[in-house]
file work.pdb (PDB, C-alpha atoms, pLDDT in the B column)
ATOM      1  CA  MET A   1      27.383 -65.703 -11.257  1.00 90.00           C
ATOM      2  CA  GLN A   2      29.868 -63.500  -9.395  1.00 96.00           C
ATOM      3  CA  ARG A   3      30.178 -59.736  -9.807  1.00 97.00           C
ATOM      4  CA  TYR A   4      33.598 -58.090  -9.746  1.00 97.00           C
ATOM      5  CA  PHE A   5      34.593 -54.453  -9.363  1.00 98.00           C
ATOM      6  CA  ILE A   6      37.686 -53.071 -11.106  1.00 98.00           C
ATOM      7  CA  TRP A   7      39.437 -49.903  -9.951  1.00 98.00           C
ATOM      8  CA  LEU A   8      41.490 -48.372 -12.744  1.00 98.00           C
ATOM      9  CA  ALA A   9      43.132 -45.167 -13.950  1.00 98.00           C
ATOM     10  CA  PHE A  10      43.690 -43.872 -17.447  1.00 98.00           C
ATOM     11  CA  ASP A  11      45.198 -41.071 -19.478  1.00 98.00           C
ATOM     12  CA  GLY A  12      42.342 -40.066 -21.746  1.00 97.00           C
ATOM     13  CA  ALA A  13      44.384 -38.125 -24.313  1.00 96.00           C
ATOM     14  CA  ARG A  14      44.004 -40.623 -27.157  1.00 95.00           C
ATOM     15  CA  TYR A  15      40.522 -41.888 -26.309  1.00 96.00           C
ATOM     16  CA  HIS A  16      37.060 -40.710 -27.306  1.00 95.00           C
ATOM     17  CA  GLY A  17      36.036 -41.013 -23.664  1.00 94.00           C
ATOM     18  CA  TRP A  18      35.186 -43.992 -21.484  1.00 95.00           C
ATOM     19  CA  GLN A  19      32.177 -45.278 -23.409  1.00 93.00           C
ATOM     20  CA  ILE A  20      32.437 -47.397 -26.536  1.00 92.00           C
ATOM     21  CA  GLN A  21      32.104 -45.252 -29.674  1.00 87.00           C
ATOM     22  CA  PRO A  22      31.375 -46.412 -33.238  1.00 86.00           C
ATOM     23  CA  ASN A  23      34.261 -44.434 -34.752  1.00 85.00           C
ATOM     24  CA  GLY A  24      36.895 -44.014 -32.068  1.00 90.00           C
ATOM     25  CA  ASP A  25      38.946 -45.771 -29.399  1.00 94.00           C
ATOM     26  CA  SER A  26      37.483 -45.934 -25.898  1.00 96.00           C
ATOM     27  CA  VAL A  27      38.729 -47.116 -22.514  1.00 97.00           C
ATOM     28  CA  GLN A  28      35.696 -49.369 -22.072  1.00 97.00           C
ATOM     29  CA  GLU A  29      36.446 -51.143 -25.348  1.00 96.00           C
ATOM     30  CA  GLU A  30      40.094 -51.716 -24.416  1.00 97.00           C
ATOM     31  CA  LEU A  31      39.129 -53.138 -21.017  1.00 98.00           C
ATOM     32  CA  GLN A  32      36.383 -55.383 -22.382  1.00 97.00           C
ATOM     33  CA  HIS A  33      38.684 -56.749 -25.063  1.00 97.00           C
ATOM     34  CA  ALA A  34      41.445 -57.572 -22.572  1.00 97.00           C
ATOM     35  CA  LEU A  35      39.049 -59.190 -20.106  1.00 97.00           C
ATOM     36  CA  SER A  36      37.386 -61.267 -22.812  1.00 96.00           C
ATOM     37  CA  LEU A  37      40.734 -62.595 -23.996  1.00 96.00           C
ATOM     38  CA  LEU A  38      42.018 -63.392 -20.511  1.00 96.00           C
ATOM     39  CA  LEU A  39      38.791 -64.983 -19.264  1.00 95.00           C
ATOM     40  CA  ARG A  40      38.043 -66.659 -22.601  1.00 94.00           C
ATOM     41  CA  SER A  41      34.488 -65.395 -22.539  1.00 93.00           C
ATOM     42  CA  ASP A  42      32.523 -62.465 -23.937  1.00 94.00           C
ATOM     43  CA  ILE A  43      32.782 -59.989 -21.055  1.00 95.00           C
ATOM     44  CA  GLY A  44      30.726 -56.799 -20.832  1.00 95.00           C
ATOM     45  CA  VAL A  45      31.942 -53.971 -18.598  1.00 97.00           C
ATOM     46  CA  VAL A  46      29.815 -51.263 -16.936  1.00 97.00           C
ATOM     47  CA  GLY A  47      31.550 -48.066 -15.800  1.00 97.00           C
ATOM     48  CA  ALA A  48      30.752 -45.654 -12.980  1.00 96.00           C
ATOM     49  CA  GLY A  49      29.949 -43.009 -15.587  1.00 93.00           C
ATOM     50  CA  ARG A  50      30.973 -41.472 -18.860  1.00 90.00           C
ATOM     51  CA  THR A  51      33.973 -39.259 -19.389  1.00 93.00           C
ATOM     52  CA  ASP A  52      34.254 -36.968 -22.405  1.00 91.00           C
ATOM     53  CA  ALA A  53      36.915 -37.364 -25.071  1.00 93.00           C
ATOM     54  CA  GLY A  54      40.333 -36.406 -23.730  1.00 96.00           C
ATOM     55  CA  VAL A  55      39.317 -36.452 -20.051  1.00 97.00           C
ATOM     56  CA  HIS A  56      41.493 -38.441 -17.632  1.00 98.00           C
ATOM     57  CA  ALA A  57      40.674 -40.557 -14.572  1.00 98.00           C
ATOM     58  CA  ARG A  58      42.812 -41.144 -11.515  1.00 97.00           C
ATOM     59  CA  MET A  59      40.018 -43.410 -10.340  1.00 97.00           C
ATOM     60  CA  MET A  60      37.392 -45.046 -12.530  1.00 98.00           C
ATOM     61  CA  VAL A  61      35.354 -47.974 -11.270  1.00 98.00           C
ATOM     62  CA  ALA A  62      33.759 -50.635 -13.472  1.00 98.00           C
ATOM     63  CA  HIS A  63      32.067 -53.979 -12.935  1.00 98.00           C
ATOM     64  CA  PHE A  64      31.683 -57.226 -14.837  1.00 97.00           C
ATOM     65  CA  ASP A  65      30.090 -60.611 -14.147  1.00 96.00           C
ATOM     66  CA  SER A  66      31.637 -64.045 -14.507  1.00 94.00           C
ATOM     67  CA  GLU A  67      30.500 -67.599 -13.850  1.00 91.00           C
ATOM     68  CA  ASP A  68      34.066 -68.669 -13.141  1.00 87.00           C
ATOM     69  CA  SER A  69      36.030 -68.281  -9.938  1.00 89.00           C
ATOM     70  CA  ILE A  70      38.769 -65.718 -10.545  1.00 94.00           C
ATOM     71  CA  ASP A  71      42.143 -65.132  -8.920  1.00 95.00           C
ATOM     72  CA  THR A  72      41.688 -61.351  -8.745  1.00 96.00           C
ATOM     73  CA  GLN A  73      45.313 -60.487  -7.982  1.00 97.00           C
ATOM     74  CA  GLN A  74      46.488 -62.559 -10.926  1.00 97.00           C
ATOM     75  CA  LEU A  75      43.832 -61.020 -13.169  1.00 97.00           C
ATOM     76  CA  ALA A  76      44.893 -57.478 -12.220  1.00 98.00           C
ATOM     77  CA  TYR A  77      48.517 -58.405 -12.961  1.00 97.00           C
ATOM     78  CA  ARG A  78      47.666 -59.916 -16.350  1.00 97.00           C
ATOM     79  CA  LEU A  79      45.412 -57.007 -17.295  1.00 98.00           C
ATOM     80  CA  ASN A  80      48.231 -54.565 -16.600  1.00 98.00           C
ATOM     81  CA  LYS A  81      50.542 -56.623 -18.810  1.00 97.00           C
ATOM     82  CA  MET A  82      48.008 -56.685 -21.655  1.00 97.00           C
ATOM     83  CA  LEU A  83      46.466 -53.218 -21.552  1.00 98.00           C
ATOM     84  CA  PRO A  84      48.091 -50.154 -23.180  1.00 97.00           C
ATOM     85  CA  LYS A  85      50.443 -48.053 -21.069  1.00 97.00           C
ATOM     86  CA  ASP A  86      47.804 -45.342 -20.674  1.00 97.00           C
ATOM     87  CA  ILE A  87      45.443 -47.637 -18.724  1.00 98.00           C
ATOM     88  CA  SER A  88      46.377 -49.127 -15.350  1.00 98.00           C
ATOM     89  CA  ILE A  89      44.477 -51.510 -13.098  1.00 98.00           C
ATOM     90  CA  HIS A  90      44.668 -50.810  -9.352  1.00 97.00           C
ATOM     91  CA  GLU A  91      42.501 -53.609  -7.979  1.00 97.00           C
ATOM     92  CA  VAL A  92      39.970 -56.288  -8.882  1.00 97.00           C
ATOM     93  CA  LYS A  93      37.740 -57.760  -6.197  1.00 96.00           C
ATOM     94  CA  PRO A  94      34.446 -59.651  -5.848  1.00 96.00           C
ATOM     95  CA  VAL A  95      31.440 -57.676  -4.610  1.00 97.00           C
ATOM     96  CA  ASP A  96      27.832 -58.367  -3.733  1.00 95.00           C
ATOM     97  CA  ALA A  97      25.600 -59.005  -6.750  1.00 94.00           C
ATOM     98  CA  ALA A  98      23.511 -55.945  -5.845  1.00 96.00           C
ATOM     99  CA  MET A  99      26.487 -53.616  -6.270  1.00 97.00           C
ATOM    100  CA  HIS A 100      26.510 -51.615  -9.503  1.00 98.00           C
ATOM    101  CA  ALA A 101      29.458 -49.510 -10.656  1.00 97.00           C
ATOM    102  CA  ARG A 102      27.194 -46.698 -11.822  1.00 96.00           C
ATOM    103  CA  PHE A 103      24.006 -46.836  -9.783  1.00 96.00           C
ATOM    104  CA  SER A 104      25.599 -47.737  -6.431  1.00 97.00           C
ATOM    105  CA  ALA A 105      28.043 -44.806  -6.582  1.00 97.00           C
ATOM    106  CA  LYS A 106      27.183 -42.143  -4.007  1.00 97.00           C
ATOM    107  CA  TRP A 107      29.628 -39.381  -4.925  1.00 98.00           C
ATOM    108  CA  ARG A 108      31.971 -38.483  -7.747  1.00 98.00           C
ATOM    109  CA  THR A 109      34.761 -35.896  -7.560  1.00 98.00           C
ATOM    110  CA  TYR A 110      36.409 -34.083 -10.443  1.00 98.00           C
ATOM    111  CA  HIS A 111      39.443 -31.787 -10.470  1.00 98.00           C
ATOM    112  CA  TYR A 112      40.216 -29.211 -13.152  1.00 98.00           C
ATOM    113  CA  TYR A 113      43.817 -27.948 -13.301  1.00 98.00           C
ATOM    114  CA  ILE A 114      45.102 -24.569 -14.477  1.00 98.00           C
ATOM    115  CA  HIS A 115      48.518 -22.888 -14.477  1.00 97.00           C
ATOM    116  CA  THR A 116      49.473 -19.265 -15.092  1.00 95.00           C
ATOM    117  CA  VAL A 117      53.060 -19.600 -16.345  1.00 95.00           C
ATOM    118  CA  LYS A 118      54.496 -21.735 -19.118  1.00 95.00           C
ATOM    119  CA  ASP A 119      55.214 -25.142 -17.612  1.00 95.00           C
ATOM    120  CA  PRO A 120      56.270 -28.017 -19.888  1.00 95.00           C
ATOM    121  CA  PHE A 121      55.792 -30.563 -17.097  1.00 95.00           C
ATOM    122  CA  VAL A 122      52.035 -30.007 -16.761  1.00 95.00           C
ATOM    123  CA  ALA A 123      51.185 -28.709 -20.238  1.00 94.00           C
ATOM    124  CA  GLY A 124      49.440 -31.927 -21.268  1.00 94.00           C
ATOM    125  CA  TYR A 125      47.284 -32.074 -18.135  1.00 97.00           C
ATOM    126  CA  SER A 126      46.562 -28.479 -17.184  1.00 98.00           C
ATOM    127  CA  CYS A 127      45.114 -25.413 -18.919  1.00 97.00           C
ATOM    128  CA  GLU A 128      47.535 -22.502 -19.343  1.00 97.00           C
ATOM    129  CA  LEU A 129      45.947 -19.094 -18.681  1.00 96.00           C
ATOM    130  CA  HIS A 130      47.770 -15.773 -18.846  1.00 92.00           C
ATOM    131  CA  TYR A 131      45.220 -13.242 -17.591  1.00 92.00           C
ATOM    132  CA  PRO A 132      44.734 -12.157 -13.954  1.00 94.00           C
ATOM    133  CA  LEU A 133      42.104 -14.136 -12.062  1.00 96.00           C
ATOM    134  CA  ASP A 134      40.258 -13.136  -8.902  1.00 97.00           C
ATOM    135  CA  PHE A 135      40.173 -16.499  -7.146  1.00 97.00           C
ATOM    136  CA  GLU A 136      38.446 -15.075  -4.063  1.00 97.00           C
ATOM    137  CA  LEU A 137      35.532 -13.966  -6.232  1.00 98.00           C
ATOM    138  CA  MET A 138      35.585 -17.268  -8.117  1.00 98.00           C
ATOM    139  CA  ASN A 139      35.291 -19.152  -4.842  1.00 98.00           C
ATOM    140  CA  GLU A 140      32.390 -16.950  -3.767  1.00 98.00           C
ATOM    141  CA  ALA A 141      30.583 -17.783  -7.004  1.00 98.00           C
ATOM    142  CA  ALA A 142      31.480 -21.484  -6.689  1.00 98.00           C
ATOM    143  CA  SER A 143      29.933 -21.616  -3.205  1.00 98.00           C
ATOM    144  CA  HIS A 144      26.596 -20.614  -4.735  1.00 98.00           C
ATOM    145  CA  LEU A 145      26.569 -23.908  -6.651  1.00 97.00           C
ATOM    146  CA  LEU A 146      25.931 -25.673  -3.348  1.00 97.00           C
ATOM    147  CA  GLU A 147      22.647 -23.776  -3.013  1.00 96.00           C
ATOM    148  CA  VAL A 148      21.068 -24.884  -6.318  1.00 95.00           C
ATOM    149  CA  ASP A 149      20.104 -28.232  -7.790  1.00 94.00           C
ATOM    150  CA  ASP A 150      19.393 -27.612 -11.494  1.00 95.00           C
ATOM    151  CA  PHE A 151      22.517 -27.397 -13.661  1.00 95.00           C
ATOM    152  CA  GLY A 152      20.885 -27.110 -17.061  1.00 92.00           C
ATOM    153  CA  SER A 153      23.031 -24.033 -17.781  1.00 93.00           C
ATOM    154  CA  PHE A 154      26.103 -26.264 -17.835  1.00 94.00           C
ATOM    155  CA  CYS A 155      24.740 -29.254 -19.752  1.00 89.00           C
ATOM    156  CA  LYS A 156      25.731 -29.924 -23.333  1.00 79.00           C
ATOM    157  CA  VAL A 157      22.712 -29.396 -25.586  1.00 73.00           C
ATOM    158  CA  HIS A 158      21.040 -32.200 -27.531  1.00 61.00           C
ATOM    159  CA  THR A 159      21.887 -34.886 -24.981  1.00 66.00           C
ATOM    160  CA  ASP A 160      19.543 -37.657 -23.866  1.00 66.00           C
ATOM    161  CA  VAL A 161      19.557 -36.829 -20.141  1.00 75.00           C
ATOM    162  CA  LYS A 162      16.168 -37.071 -18.451  1.00 82.00           C
ATOM    163  CA  THR A 163      16.983 -34.555 -15.725  1.00 91.00           C
ATOM    164  CA  THR A 164      19.525 -31.808 -15.106  1.00 93.00           C
ATOM    165  CA  ILE A 165      19.174 -32.082 -11.313  1.00 95.00           C
ATOM    166  CA  CYS A 166      22.460 -32.677  -9.448  1.00 96.00           C
ATOM    167  CA  ASN A 167      23.431 -32.441  -5.784  1.00 97.00           C
ATOM    168  CA  VAL A 168      26.746 -30.561  -5.598  1.00 98.00           C
ATOM    169  CA  VAL A 169      28.267 -30.725  -2.094  1.00 98.00           C
ATOM    170  CA  ASP A 170      31.717 -29.229  -2.732  1.00 98.00           C
ATOM    171  CA  ALA A 171      32.901 -26.635  -5.242  1.00 98.00           C
ATOM    172  CA  ARG A 172      36.080 -24.602  -4.664  1.00 98.00           C
ATOM    173  CA  TRP A 173      39.388 -23.451  -6.079  1.00 98.00           C
ATOM    174  CA  VAL A 174      42.522 -24.760  -4.364  1.00 98.00           C
ATOM    175  CA  ARG A 175      45.922 -23.096  -4.666  1.00 97.00           C
ATOM    176  CA  ASP A 176      48.721 -25.620  -5.231  1.00 96.00           C
ATOM    177  CA  ASP A 177      51.430 -22.963  -5.470  1.00 94.00           C
ATOM    178  CA  GLU A 178      51.815 -19.426  -6.815  1.00 91.00           C
ATOM    179  CA  CYS A 179      51.184 -20.448 -10.421  1.00 94.00           C
ATOM    180  CA  HIS A 180      49.136 -23.668 -10.164  1.00 97.00           C
ATOM    181  CA  TRP A 181      45.510 -24.070  -9.070  1.00 98.00           C
ATOM    182  CA  HIS A 182      42.824 -26.703  -9.336  1.00 98.00           C
ATOM    183  CA  PHE A 183      39.051 -26.645  -9.061  1.00 98.00           C
ATOM    184  CA  VAL A 184      37.376 -29.322  -6.922  1.00 98.00           C
ATOM    185  CA  ILE A 185      33.754 -30.303  -7.484  1.00 98.00           C
ATOM    186  CA  ARG A 186      31.946 -33.210  -5.790  1.00 98.00           C
ATOM    187  CA  ALA A 187      28.408 -34.302  -6.589  1.00 98.00           C
ATOM    188  CA  ASN A 188      26.132 -37.311  -6.722  1.00 97.00           C
ATOM    189  CA  ARG A 189      26.071 -37.082 -10.538  1.00 95.00           C
ATOM    190  CA  PHE A 190      27.375 -34.918 -13.364  1.00 95.00           C
ATOM    191  CA  LEU A 191      25.918 -33.869 -16.685  1.00 94.00           C
ATOM    192  CA  ARG A 192      27.782 -34.160 -19.948  1.00 91.00           C
ATOM    193  CA  ASN A 193      30.343 -31.333 -20.236  1.00 93.00           C
ATOM    194  CA  MET A 194      29.146 -29.903 -16.896  1.00 95.00           C
ATOM    195  CA  VAL A 195      32.469 -29.439 -15.098  1.00 97.00           C
ATOM    196  CA  ARG A 196      34.226 -27.816 -18.054  1.00 97.00           C
ATOM    197  CA  ALA A 197      31.294 -25.415 -18.521  1.00 96.00           C
ATOM    198  CA  VAL A 198      31.216 -24.547 -14.805  1.00 97.00           C
ATOM    199  CA  VAL A 199      34.947 -23.821 -14.852  1.00 98.00           C
ATOM    200  CA  GLY A 200      34.617 -21.690 -17.985  1.00 97.00           C
ATOM    201  CA  THR A 201      31.866 -19.624 -16.357  1.00 97.00           C
ATOM    202  CA  LEU A 202      33.784 -19.227 -13.085  1.00 98.00           C
ATOM    203  CA  ILE A 203      36.765 -17.976 -15.063  1.00 97.00           C
ATOM    204  CA  GLU A 204      34.508 -15.284 -16.562  1.00 97.00           C
ATOM    205  CA  VAL A 205      33.751 -14.275 -12.959  1.00 97.00           C
ATOM    206  CA  GLY A 206      37.471 -14.320 -12.135  1.00 97.00           C
ATOM    207  CA  ARG A 207      38.212 -12.023 -15.074  1.00 97.00           C
ATOM    208  CA  HIS A 208      35.502  -9.610 -13.838  1.00 97.00           C
ATOM    209  CA  ARG A 209      33.576 -10.107 -17.058  1.00 97.00           C
ATOM    210  CA  ILE A 210      30.451 -11.156 -15.160  1.00 96.00           C
ATOM    211  CA  SER A 211      29.384 -10.338 -11.616  1.00 97.00           C
ATOM    212  CA  ILE A 212      28.226 -12.714  -8.897  1.00 97.00           C
ATOM    213  CA  ASP A 213      24.642 -11.622  -9.546  1.00 96.00           C
ATOM    214  CA  GLU A 214      25.055 -12.333 -13.261  1.00 97.00           C
ATOM    215  CA  PHE A 215      26.541 -15.728 -12.427  1.00 97.00           C
ATOM    216  CA  ASP A 216      23.486 -16.510 -10.283  1.00 96.00           C
ATOM    217  CA  ARG A 217      21.161 -15.438 -13.099  1.00 96.00           C
ATOM    218  CA  ILE A 218      23.030 -17.691 -15.548  1.00 96.00           C
ATOM    219  CA  VAL A 219      22.604 -20.663 -13.224  1.00 95.00           C
ATOM    220  CA  ALA A 220      18.922 -19.886 -12.645  1.00 94.00           C
ATOM    221  CA  GLY A 221      18.276 -19.389 -16.364  1.00 90.00           C
ATOM    222  CA  ARG A 222      19.258 -22.974 -17.249  1.00 86.00           C
ATOM    223  CA  CYS A 223      20.354 -21.901 -20.739  1.00 86.00           C
ATOM    224  CA  ARG A 224      23.701 -23.281 -21.908  1.00 91.00           C
ATOM    225  CA  SER A 225      24.334 -20.390 -24.329  1.00 86.00           C
ATOM    226  CA  ASP A 226      24.370 -17.903 -21.417  1.00 89.00           C
ATOM    227  CA  ALA A 227      27.176 -19.711 -19.568  1.00 91.00           C
ATOM    228  CA  GLY A 228      30.900 -19.554 -20.266  1.00 90.00           C
ATOM    229  CA  GLU A 229      32.848 -21.560 -22.804  1.00 90.00           C
ATOM    230  CA  SER A 230      33.701 -25.207 -22.269  1.00 94.00           C
ATOM    231  CA  MET A 231      37.303 -25.463 -21.128  1.00 97.00           C
ATOM    232  CA  PRO A 232      39.796 -27.906 -22.738  1.00 97.00           C
ATOM    233  CA  ALA A 233      39.316 -31.563 -21.768  1.00 97.00           C
ATOM    234  CA  LYS A 234      43.000 -32.267 -21.138  1.00 97.00           C
ATOM    235  CA  ALA A 235      42.938 -30.547 -17.734  1.00 98.00           C
ATOM    236  CA  LEU A 236      39.963 -32.477 -16.325  1.00 98.00           C
ATOM    237  CA  PHE A 237      40.386 -35.531 -14.087  1.00 98.00           C
ATOM    238  CA  LEU A 238      37.862 -37.858 -12.530  1.00 98.00           C
ATOM    239  CA  GLU A 239      39.572 -38.067  -9.160  1.00 97.00           C
ATOM    240  CA  CYS A 240      37.363 -40.285  -7.043  1.00 96.00           C
ATOM    241  CA  VAL A 241      34.218 -42.438  -7.056  1.00 98.00           C
ATOM    242  CA  GLU A 242      32.719 -43.217  -3.650  1.00 98.00           C
ATOM    243  CA  TYR A 243      30.362 -46.069  -2.683  1.00 97.00           C
TER
END
call {"tool": "encode", "arguments": {"input": "work.pdb", "output": "structure tokens"}}
result
Amino acid sequence: MQRYFIWLAFDGARYHGWQIQPNGDSVQEELQHALSLLLRSDIGVVGAGRTDAGVHARMMVAHFDSEDSIDTQQLAYRLNKMLPKDISIHEVKPVDAAMHARFSAKWRTYHYYIHTVKDPFVAGYSCELHYPLDFELMNEAASHLLEVDDFGSFCKVHTDVKTTICNVVDARWVRDDECHWHFVIRANRFLRNMVRAVVGTLIEVGRHRISIDEFDRIVAGRCRSDAGESMPAKALFLECVEY
């Protein structure tokens, strides 16, 4: 039995996230279906993690096992021909049997995009905001996330997670130009809805609605209702998975 890793990207706009859902399209389901048809076998796919409905990925990693020897370049080509236009395969390659798309991943990086003027070219992939934002203060607050490990304040309630402990090693706002910014956050793991809740709370800081001290108290309190609103999914991208 040989294990294979797949590196792929997808536009999540029409999907209910990565993971197979009982009542909605998912990227995992599309990929499993295509692989099963091409390899003429019932193929199960394991992803590096979940993404929420509407969230995109510039890099998602998944693995599957096969008893057959596979021409990986040919498989990637045929997958791209078969899959919908909103899913693209970058590479397929054999890996050691001990490698696991989810559990072997060391770091994951997400970006959240915002713009402050009407822009039809990014409207589907960025959140349009029209109020002044203090990005210097937002970056000060974001730096405090590197000093804590419990992110219960930013976890969607009624989820089945066993722990809300995460190791965040990078969290900052980056200016792309005068009207376009993105938030970078890198961690060993993420909770459901975590990035969108962090961004929503940082924006409250940027609007001077909460102070840095209040932000710290929200994080320490581990209560989701105290944090900011969850920002729209369309502006969130899984940018990188590192092994």
call {"tool": "closest_residue", "arguments": {"input": "work.pdb", "among": "A:Ile43, A:Met1, A:Val199, A:Val219", "to": "Phe135 of chain A", "atoms": "all atoms listed in the file"}}
result
A:Val199
call {"tool": "resolve_selection", "arguments": {"input": "work.pdb", "expression": "the PyMOL selection byres ((chain A and resi 20-30) around 12)", "output": "PyMOL selection string"}}
result
chain A and resi 6+8-19+31-37+43-57+60-64+79-80+82-89
call {"tool": "residues_near_point", "arguments": {"input": "work.pdb", "point": "(39.1, -66.0, -6.7)", "cutoff": "12 Å", "atoms": "only C-alpha atoms", "output": "list in words"}}
result
Gln2, Arg3, Tyr4, Ser66, Glu67, Asp68, Ser69, Ile70, Asp71, Thr72, Gln73, Gln74, Leu75, Ala76, Val92, Lys93, Pro94 and Val95 of chain A
call {"tool": "residues_around", "arguments": {"input": "work.pdb", "residues": "Ile165 of chain A", "least_positions_apart": "2", "cutoff": "12 Å", "atoms": "all atoms listed in the file", "output": "compact mmCIF listing (two decimals) with C-alpha atoms, in the coordinates of the input"}}
result
# COMPACT_ATOMS: atom_id res chain seq x y z
CA LEU A 145 26.57 -23.91 -6.65
CA VAL A 148 21.07 -24.88 -6.32
CA ASP A 149 20.10 -28.23 -7.79
CA ASP A 150 19.39 -27.61 -11.49
CA PHE A 151 22.52 -27.40 -13.66
CA GLY A 152 20.88 -27.11 -17.06
CA SER A 153 23.03 -24.03 -17.78
CA PHE A 154 26.10 -26.26 -17.84
CA CYS A 155 24.74 -29.25 -19.75
CA VAL A 161 19.56 -36.83 -20.14
CA LYS A 162 16.17 -37.07 -18.45
CA THR A 163 16.98 -34.56 -15.72
CA ASN A 167 23.43 -32.44 -5.78
CA VAL A 168 26.75 -30.56 -5.60
CA ALA A 187 28.41 -34.30 -6.59
CA ASN A 188 26.13 -37.31 -6.72
CA ARG A 189 26.07 -37.08 -10.54
CA PHE A 190 27.38 -34.92 -13.36
CA LEU A 191 25.92 -33.87 -16.68
CA MET A 194 29.15 -29.90 -16.90
CA ARG A 222 19.26 -22.97 -17.25
call {"tool": "closest_residue", "arguments": {"input": "work.pdb", "among": "A:Phe121, A:Tyr77, A:Arg40, A:Arg102", "to": "Phe5 of chain A", "atoms": "all atoms listed in the file"}}
result
A:Arg102
call {"tool": "atom_distance", "arguments": {"input": "work.pdb", "atom1": "atom CA of Thr201 of chain A", "atom2": "atom CA of Phe215 of chain A"}}
result
7.7 Å
call {"tool": "decode", "arguments": {"input": "work.pdb", "residues": "segment 220-235 of chain A", "atoms": "N, CA and C atoms", "output": "PDB file, in the first residue's frame"}}
result
ATOM      1  N   ALA A 220      -8.374  36.466  27.535  1.00  0.00           N
ATOM      2  CA  ALA A 220      -8.214  35.730  28.786  1.00  0.00           C
ATOM      3  C   ALA A 220      -9.530  35.124  29.273  1.00  0.00           C
ATOM      4  N   GLY A 221     -10.652  35.764  28.918  1.00  0.00           N
ATOM      5  CA  GLY A 221     -11.949  35.312  29.399  1.00  0.00           C
ATOM      6  C   GLY A 221     -12.456  34.045  28.742  1.00  0.00           C
ATOM      7  N   ARG A 222     -11.947  33.748  27.538  1.00  0.00           N
ATOM      8  CA  ARG A 222     -12.295  32.519  26.814  1.00  0.00           C
ATOM      9  C   ARG A 222     -13.806  32.356  26.606  1.00  0.00           C
ATOM     10  N   CYS A 223     -14.486  33.478  26.396  1.00  0.00           N
ATOM     11  CA  CYS A 223     -15.935  33.454  26.169  1.00  0.00           C
ATOM     12  C   CYS A 223     -16.222  34.037  24.788  1.00  0.00           C
ATOM     13  N   ARG A 224     -16.748  33.216  23.894  1.00  0.00           N
ATOM     14  CA  ARG A 224     -16.959  33.650  22.511  1.00  0.00           C
ATOM     15  C   ARG A 224     -17.872  34.869  22.403  1.00  0.00           C
ATOM     16  N   SER A 225     -18.857  34.995  23.278  1.00  0.00           N
ATOM     17  CA  SER A 225     -19.811  36.107  23.178  1.00  0.00           C
ATOM     18  C   SER A 225     -19.178  37.457  23.499  1.00  0.00           C
ATOM     19  N   ASP A 226     -17.997  37.456  24.140  1.00  0.00           N
ATOM     20  CA  ASP A 226     -17.319  38.719  24.455  1.00  0.00           C
ATOM     21  C   ASP A 226     -16.501  39.238  23.278  1.00  0.00           C
ATOM     22  N   ALA A 227     -16.134  38.353  22.359  1.00  0.00           N
ATOM     23  CA  ALA A 227     -15.282  38.733  21.228  1.00  0.00           C
ATOM     24  C   ALA A 227     -16.107  39.374  20.116  1.00  0.00           C
ATOM     25  N   GLY A 228     -15.422  39.834  19.086  1.00  0.00           N
ATOM     26  CA  GLY A 228     -16.086  40.513  17.977  1.00  0.00           C
ATOM     27  C   GLY A 228     -16.834  39.544  17.073  1.00  0.00           C
ATOM     28  N   GLU A 229     -17.555  40.120  16.117  1.00  0.00           N
ATOM     29  CA  GLU A 229     -18.333  39.305  15.192  1.00  0.00           C
ATOM     30  C   GLU A 229     -17.431  38.498  14.269  1.00  0.00           C
ATOM     31  N   SER A 230     -17.976  37.421  13.745  1.00  0.00           N
ATOM     32  CA  SER A 230     -17.264  36.607  12.764  1.00  0.00           C
ATOM     33  C   SER A 230     -17.354  37.290  11.406  1.00  0.00           C
ATOM     34  N   MET A 231     -16.223  37.539  10.793  1.00  0.00           N
ATOM     35  CA  MET A 231     -16.186  38.242   9.522  1.00  0.00           C
ATOM     36  C   MET A 231     -16.589  37.307   8.373  1.00  0.00           C
ATOM     37  N   PRO A 232     -17.013  37.869   7.229  1.00  0.00           N
ATOM     38  CA  PRO A 232     -17.462  37.046   6.099  1.00  0.00           C
ATOM     39  C   PRO A 232     -16.391  36.053   5.621  1.00  0.00           C
ATOM     40  N   ALA A 233     -16.846  34.857   5.249  1.00  0.00           N
ATOM     41  CA  ALA A 233     -15.929  33.779   4.865  1.00  0.00           C
ATOM     42  C   ALA A 233     -15.217  34.064   3.552  1.00  0.00           C
ATOM     43  N   LYS A 234     -15.825  34.824   2.670  1.00  0.00           N
ATOM     44  CA  LYS A 234     -15.288  34.986   1.315  1.00  0.00           C
ATOM     45  C   LYS A 234     -13.894  35.585   1.269  1.00  0.00           C
ATOM     46  N   ALA A 235     -13.479  36.272   2.340  1.00  0.00           N
ATOM     47  CA  ALA A 235     -12.188  36.957   2.347  1.00  0.00           C
ATOM     48  C   ALA A 235     -11.087  36.150   3.012  1.00  0.00           C
TER      49      ALA A 235
END
